[in-house]
Amino acid sequence: MSEIELKVKEILDNALGEITSADDLEKLNSVRVSFLGKKGSLTSVLKSMKTVSPEDRPKVGKWVNSARAAIEEQMEAKRKKLDAARLDKQLAAEKIDVTLPAKMKFIGHRHPNTIALEEVERIFTGMGYEVIEGPEIEYDDYNFTKLNIPANHPAKDEQDTFYINKEILLRTQTSPVQARVMEKGKLPIRMISPGRVFRSDEVDATHSPSFHQIEGLVIDKNVTLADLKGTLDVFAKELFGPDTKTKFRPHHFPFTEPSAEVDVSCFKCGGKGCRFCKGSGWIEILGCGMVHPHVLEMCGIDPEEYTGFAFGVGLERIALLKYEIDDMRLLYENDVRFLSQFN
Ligand code: DAH
């Protein structure tokens with residue numbers, strides 16, 4: 001055996017040895033580079049061909065080519081083996097245990113305030129009312145003056161009101177939406193306006209600095225107190241059950257004349273008196289009245305031609321009563337254990 005033939009054989013043996021011991025694709029690739037690459041050892045045999053006598057060159061070429069073919073064949077076989085092993089490993093690592101319990105999707109639900117609001121909206125839209133929203137940041141003028149609460153009226157006491165500046169405040173009631181809608185001049189009006197209101201109140205079981213009201217307003221020709229009473233009676237029966245009775249107690253609100261507070265017969269004891277209604281048989285639910293002629297005038301409506309009524313309901317109060325919740329704070333704390341009862 002010539003020296004070159006021995007060398008090629010040695011290269012082939014080394015290459016096959018390294019292929020056998022290569023345990024990943026990267027190592028296999030570096031075997032290719034070190035034997036078959038441009039600077040590889042087998043390639044360098046070809047490069048040294050000029051030192052071989054011309055008659056021996058075909059032989060040497062044959063040895064090198066057959067060594068190259070053997071190396072390539074082994075490499076390809078090894079590559080397939082490594083590939084299969086890699087895939088097996090990946091499949092094992094990504095195996096899905098179909099016997100594991102599925103992760104439950106947690107789907108939320110409406111807040112009790114929202115449930116109560118949608119109920120009130122259902123009742124009034126059913127009677128042909130529109131739902132109109134107004135701004136939470138309001139002019140003092142709309143919140144007070146246009147509602148017949150002039151500059152030095154005690155209801156304006158700065159203690160209960162969050163002022164942003166002298167003219168702008170966080171609305172203390174939804175009543176300013178009345179003035180905004182009347183000013184638009186589109187008559188007749190039949191609307192409710194739900195929304196958030198703000199008062200500088202300490203938090204306790206029945207108070208919060210931010211709560212919700214639903215305002216109601218009807219303006220048309222020949223609207224009377226009988227319409228107001230009939231409407232709110234239907235509302236109370238729809239909300240608390242068909243046996244509910246209503247009682248109108250005279251009261252004072254600056255923007256209505258006459259004004260009243262409305263009580264409903266206790267839906268817990270039917271009016272006999274219980275802990276829920278504090279023994280009286282009645283529960284107060286809202287304020288209302290006939291829109292004051294001066295308010296109509298200030299909003300550009302002729303009180304000789306048009307009359308109307310208005311009312312204001314506390315949304316939280318409705319939710320507390322309807323779902324027998326005894327502390328308003330529960331509505332804001334968003335404790336899932338409490339809220340999930342309304343699912
Ligand atoms: N805005 C009143 C309040 O916050 C509630 C109210 C009373 C609204 C009588 C009205 C009404 O529209 O006519 O206490």
# chains A, B, ... in the order shown; residues from 1 in each chain; ligands from 1

$ residues_around --residues "Val60 in chain A" --least-positions-apart "3" --cutoff "9 Å" --atoms "only C-alpha atoms" --output "list in words"
Ile4, Glu5, Val8, Val45, Leu46, Met49, Val52, Asp56, Arg57, Trp63, Val64 and Asn65 of chain A

$ residues_near_ligand --ligand "ligand 1" --cutoff "8 Å" --atoms "only C-alpha atoms and all ligand atoms" --output "list of chain:residue names"
A:Thr172, A:Gln173, A:Thr174, A:Ser175, A:Gln178, A:Gln213, A:Glu215, A:Gly216, A:Leu217, A:Phe253, A:Phe255, A:Thr256, A:Ser259, A:Ala260, A:Glu261, A:Leu286, A:Gly287, A:Cys288, A:Gly289, A:Met290, A:Val291, A:Phe309, A:Ala310, A:Phe311, A:Gly312, A:Val313

$ atom_distance --atom1 "CA of Ser21 in chain A" --atom2 "CA of Lys78 in chain A"
9.9 Å

$ closest_residue --among "A:Lys245, A:Arg196, A:His292, A:Arg329" --to "Glu257 in chain A" --atoms "only C-alpha atoms"
A:His292

$ residues_around --residues "Asn113 in chain A" --least-positions-apart "3" --cutoff "7 Å" --atoms "only C-alpha atoms" --output "list of chain:residue names"
A:Ala116, A:Leu117, A:Leu315, A:Glu316, A:Ala319

$ decode --residues "range 179-219 of chain A" --atoms "N, CA and C atoms" --output "PDB file, in the first residue's frame"
ATOM      1  N   ALA A 179     -82.022  70.316  33.104  1.00  0.00           N
ATOM      2  CA  ALA A 179     -81.839  71.642  32.498  1.00  0.00           C
ATOM      3  C   ALA A 179     -81.206  71.527  31.113  1.00  0.00           C
ATOM      4  N   ARG A 180     -80.209  70.651  30.990  1.00  0.00           N
ATOM      5  CA  ARG A 180     -79.539  70.479  29.698  1.00  0.00           C
ATOM      6  C   ARG A 180     -80.508  70.006  28.616  1.00  0.00           C
ATOM      7  N   VAL A 181     -81.387  69.074  28.985  1.00  0.00           N
ATOM      8  CA  VAL A 181     -82.318  68.536  27.992  1.00  0.00           C
ATOM      9  C   VAL A 181     -83.398  69.564  27.654  1.00  0.00           C
ATOM     10  N   MET A 182     -83.912  70.259  28.679  1.00  0.00           N
ATOM     11  CA  MET A 182     -84.961  71.267  28.431  1.00  0.00           C
ATOM     12  C   MET A 182     -84.447  72.388  27.533  1.00  0.00           C
ATOM     13  N   GLU A 183     -83.204  72.819  27.790  1.00  0.00           N
ATOM     14  CA  GLU A 183     -82.617  73.910  27.005  1.00  0.00           C
ATOM     15  C   GLU A 183     -82.512  73.591  25.515  1.00  0.00           C
ATOM     16  N   LYS A 184     -82.377  72.318  25.208  1.00  0.00           N
ATOM     17  CA  LYS A 184     -82.278  71.926  23.802  1.00  0.00           C
ATOM     18  C   LYS A 184     -83.542  72.303  23.051  1.00  0.00           C
ATOM     19  N   GLY A 185     -84.676  72.408  23.788  1.00  0.00           N
ATOM     20  CA  GLY A 185     -85.907  72.924  23.204  1.00  0.00           C
ATOM     21  C   GLY A 185     -86.726  71.917  22.417  1.00  0.00           C
ATOM     22  N   LYS A 186     -86.332  70.637  22.467  1.00  0.00           N
ATOM     23  CA  LYS A 186     -87.093  69.624  21.732  1.00  0.00           C
ATOM     24  C   LYS A 186     -88.186  69.067  22.633  1.00  0.00           C
ATOM     25  N   LEU A 187     -89.434  69.408  22.327  1.00  0.00           N
ATOM     26  CA  LEU A 187     -90.545  68.991  23.192  1.00  0.00           C
ATOM     27  C   LEU A 187     -91.483  68.077  22.409  1.00  0.00           C
ATOM     28  N   PRO A 188     -92.224  67.199  23.024  1.00  0.00           N
ATOM     29  CA  PRO A 188     -92.191  66.900  24.463  1.00  0.00           C
ATOM     30  C   PRO A 188     -90.919  66.128  24.868  1.00  0.00           C
ATOM     31  N   ILE A 189     -90.728  66.019  26.204  1.00  0.00           N
ATOM     32  CA  ILE A 189     -89.573  65.296  26.746  1.00  0.00           C
ATOM     33  C   ILE A 189     -90.086  64.131  27.593  1.00  0.00           C
ATOM     34  N   ARG A 190     -89.456  63.000  27.389  1.00  0.00           N
ATOM     35  CA  ARG A 190     -89.740  61.854  28.266  1.00  0.00           C
ATOM     36  C   ARG A 190     -88.432  61.094  28.380  1.00  0.00           C
ATOM     37  N   MET A 191     -87.698  61.381  29.459  1.00  0.00           N
ATOM     38  CA  MET A 191     -86.349  60.788  29.536  1.00  0.00           C
ATOM     39  C   MET A 191     -85.988  60.362  30.951  1.00  0.00           C
ATOM     40  N   ILE A 192     -85.079  59.386  31.035  1.00  0.00           N
ATOM     41  CA  ILE A 192     -84.385  59.131  32.298  1.00  0.00           C
ATOM     42  C   ILE A 192     -82.890  59.332  32.052  1.00  0.00           C
ATOM     43  N   SER A 193     -82.197  59.713  33.128  1.00  0.00           N
ATOM     44  CA  SER A 193     -80.765  59.962  32.994  1.00  0.00           C
ATOM     45  C   SER A 193     -80.008  59.351  34.166  1.00  0.00           C
ATOM     46  N   PRO A 194     -79.424  58.184  33.946  1.00  0.00           N
ATOM     47  CA  PRO A 194     -78.652  57.556  35.018  1.00  0.00           C
ATOM     48  C   PRO A 194     -77.234  58.087  35.048  1.00  0.00           C
ATOM     49  N   GLY A 195     -76.588  58.043  36.195  1.00  0.00           N
ATOM     50  CA  GLY A 195     -75.175  58.434  36.224  1.00  0.00           C
ATOM     51  C   GLY A 195     -74.621  58.608  37.614  1.00  0.00           C
ATOM     52  N   ARG A 196     -73.301  58.847  37.618  1.00  0.00           N
ATOM     53  CA  ARG A 196     -72.564  58.963  38.873  1.00  0.00           C
ATOM     54  C   ARG A 196     -72.672  60.385  39.414  1.00  0.00           C
ATOM     55  N   VAL A 197     -72.823  60.512  40.714  1.00  0.00           N
ATOM     56  CA  VAL A 197     -72.846  61.826  41.364  1.00  0.00           C
ATOM     57  C   VAL A 197     -71.881  61.804  42.551  1.00  0.00           C
ATOM     58  N   PHE A 198     -71.526  62.986  43.042  1.00  0.00           N
ATOM     59  CA  PHE A 198     -70.457  63.093  44.040  1.00  0.00           C
ATOM     60  C   PHE A 198     -70.857  64.040  45.176  1.00  0.00           C
ATOM     61  N   ARG A 199     -70.610  63.621  46.379  1.00  0.00           N
ATOM     62  CA  ARG A 199     -70.814  64.510  47.525  1.00  0.00           C
ATOM     63  C   ARG A 199     -69.728  64.241  48.551  1.00  0.00           C
ATOM     64  N   SER A 200     -69.340  65.290  49.228  1.00  0.00           N
ATOM     65  CA  SER A 200     -68.268  65.142  50.205  1.00  0.00           C
ATOM     66  C   SER A 200     -68.813  64.485  51.479  1.00  0.00           C
ATOM     67  N   ASP A 201     -69.191  63.222  51.346  1.00  0.00           N
ATOM     68  CA  ASP A 201     -69.753  62.472  52.482  1.00  0.00           C
ATOM     69  C   ASP A 201     -68.740  61.455  52.988  1.00  0.00           C
ATOM     70  N   GLU A 202     -68.775  61.232  54.280  1.00  0.00           N
ATOM     71  CA  GLU A 202     -67.958  60.154  54.865  1.00  0.00           C
ATOM     72  C   GLU A 202     -68.553  58.812  54.442  1.00  0.00           C
ATOM     73  N   VAL A 203     -67.692  57.826  54.256  1.00  0.00           N
ATOM     74  CA  VAL A 203     -68.165  56.474  53.908  1.00  0.00           C
ATOM     75  C   VAL A 203     -68.770  55.807  55.138  1.00  0.00           C
ATOM     76  N   ASP A 204     -69.988  55.324  55.003  1.00  0.00           N
ATOM     77  CA  ASP A 204     -70.551  54.428  56.030  1.00  0.00           C
ATOM     78  C   ASP A 204     -71.528  53.470  55.348  1.00  0.00           C
ATOM     79  N   ALA A 205     -72.357  52.794  56.123  1.00  0.00           N
ATOM     80  CA  ALA A 205     -73.206  51.748  55.540  1.00  0.00           C
ATOM     81  C   ALA A 205     -74.210  52.294  54.531  1.00  0.00           C
ATOM     82  N   THR A 206     -74.533  53.602  54.627  1.00  0.00           N
ATOM     83  CA  THR A 206     -75.538  54.163  53.713  1.00  0.00           C
ATOM     84  C   THR A 206     -75.020  55.369  52.928  1.00  0.00           C
ATOM     85  N   HIS A 207     -73.733  55.714  53.084  1.00  0.00           N
ATOM     86  CA  HIS A 207     -73.192  56.889  52.383  1.00  0.00           C
ATOM     87  C   HIS A 207     -71.887  56.566  51.662  1.00  0.00           C
ATOM     88  N   SER A 208     -71.680  57.272  50.563  1.00  0.00           N
ATOM     89  CA  SER A 208     -70.422  57.157  49.837  1.00  0.00           C
ATOM     90  C   SER A 208     -70.198  58.484  49.110  1.00  0.00           C
ATOM     91  N   PRO A 209     -68.945  58.944  49.004  1.00  0.00           N
ATOM     92  CA  PRO A 209     -68.703  60.210  48.296  1.00  0.00           C
ATOM     93  C   PRO A 209     -69.033  60.123  46.808  1.00  0.00           C
ATOM     94  N   SER A 210     -69.184  58.930  46.295  1.00  0.00           N
ATOM     95  CA  SER A 210     -69.570  58.777  44.900  1.00  0.00           C
ATOM     96  C   SER A 210     -70.620  57.681  44.820  1.00  0.00           C
ATOM     97  N   PHE A 211     -71.766  58.029  44.258  1.00  0.00           N
ATOM     98  CA  PHE A 211     -72.833  57.035  44.113  1.00  0.00           C
ATOM     99  C   PHE A 211     -73.589  57.330  42.824  1.00  0.00           C
ATOM    100  N   HIS A 212     -74.718  56.693  42.609  1.00  0.00           N
ATOM    101  CA  HIS A 212     -75.425  56.864  41.331  1.00  0.00           C
ATOM    102  C   HIS A 212     -76.878  57.246  41.551  1.00  0.00           C
ATOM    103  N   GLN A 213     -77.364  58.073  40.641  1.00  0.00           N
ATOM    104  CA  GLN A 213     -78.788  58.408  40.670  1.00  0.00           C
ATOM    105  C   GLN A 213     -79.375  58.143  39.289  1.00  0.00           C
ATOM    106  N   ILE A 214     -80.700  58.062  39.274  1.00  0.00           N
ATOM    107  CA  ILE A 214     -81.400  58.025  38.002  1.00  0.00           C
ATOM    108  C   ILE A 214     -82.426  59.146  38.044  1.00  0.00           C
ATOM    109  N   GLU A 215     -82.247  60.085  37.139  1.00  0.00           N
ATOM    110  CA  GLU A 215     -83.149  61.227  37.061  1.00  0.00           C
ATOM    111  C   GLU A 215     -84.260  60.888  36.084  1.00  0.00           C
ATOM    112  N   GLY A 216     -85.441  61.434  36.316  1.00  0.00           N
ATOM    113  CA  GLY A 216     -86.519  61.258  35.342  1.00  0.00           C
ATOM    114  C   GLY A 216     -87.131  62.615  35.032  1.00  0.00           C
ATOM    115  N   LEU A 217     -87.539  62.816  33.787  1.00  0.00           N
ATOM    116  CA  LEU A 217     -88.162  64.093  33.420  1.00  0.00           C
ATOM    117  C   LEU A 217     -89.180  63.876  32.310  1.00  0.00           C
ATOM    118  N   VAL A 218     -90.380  64.433  32.543  1.00  0.00           N
ATOM    119  CA  VAL A 218     -91.412  64.408  31.513  1.00  0.00           C
ATOM    120  C   VAL A 218     -91.937  65.836  31.357  1.00  0.00           C
ATOM    121  N   ILE A 219     -91.918  66.369  30.138  1.00  0.00           N
ATOM    122  CA  ILE A 219     -92.476  67.706  29.876  1.00  0.00           C
ATOM    123  C   ILE A 219     -93.390  67.590  28.655  1.00  0.00           C
TER     124      ILE A 219
END
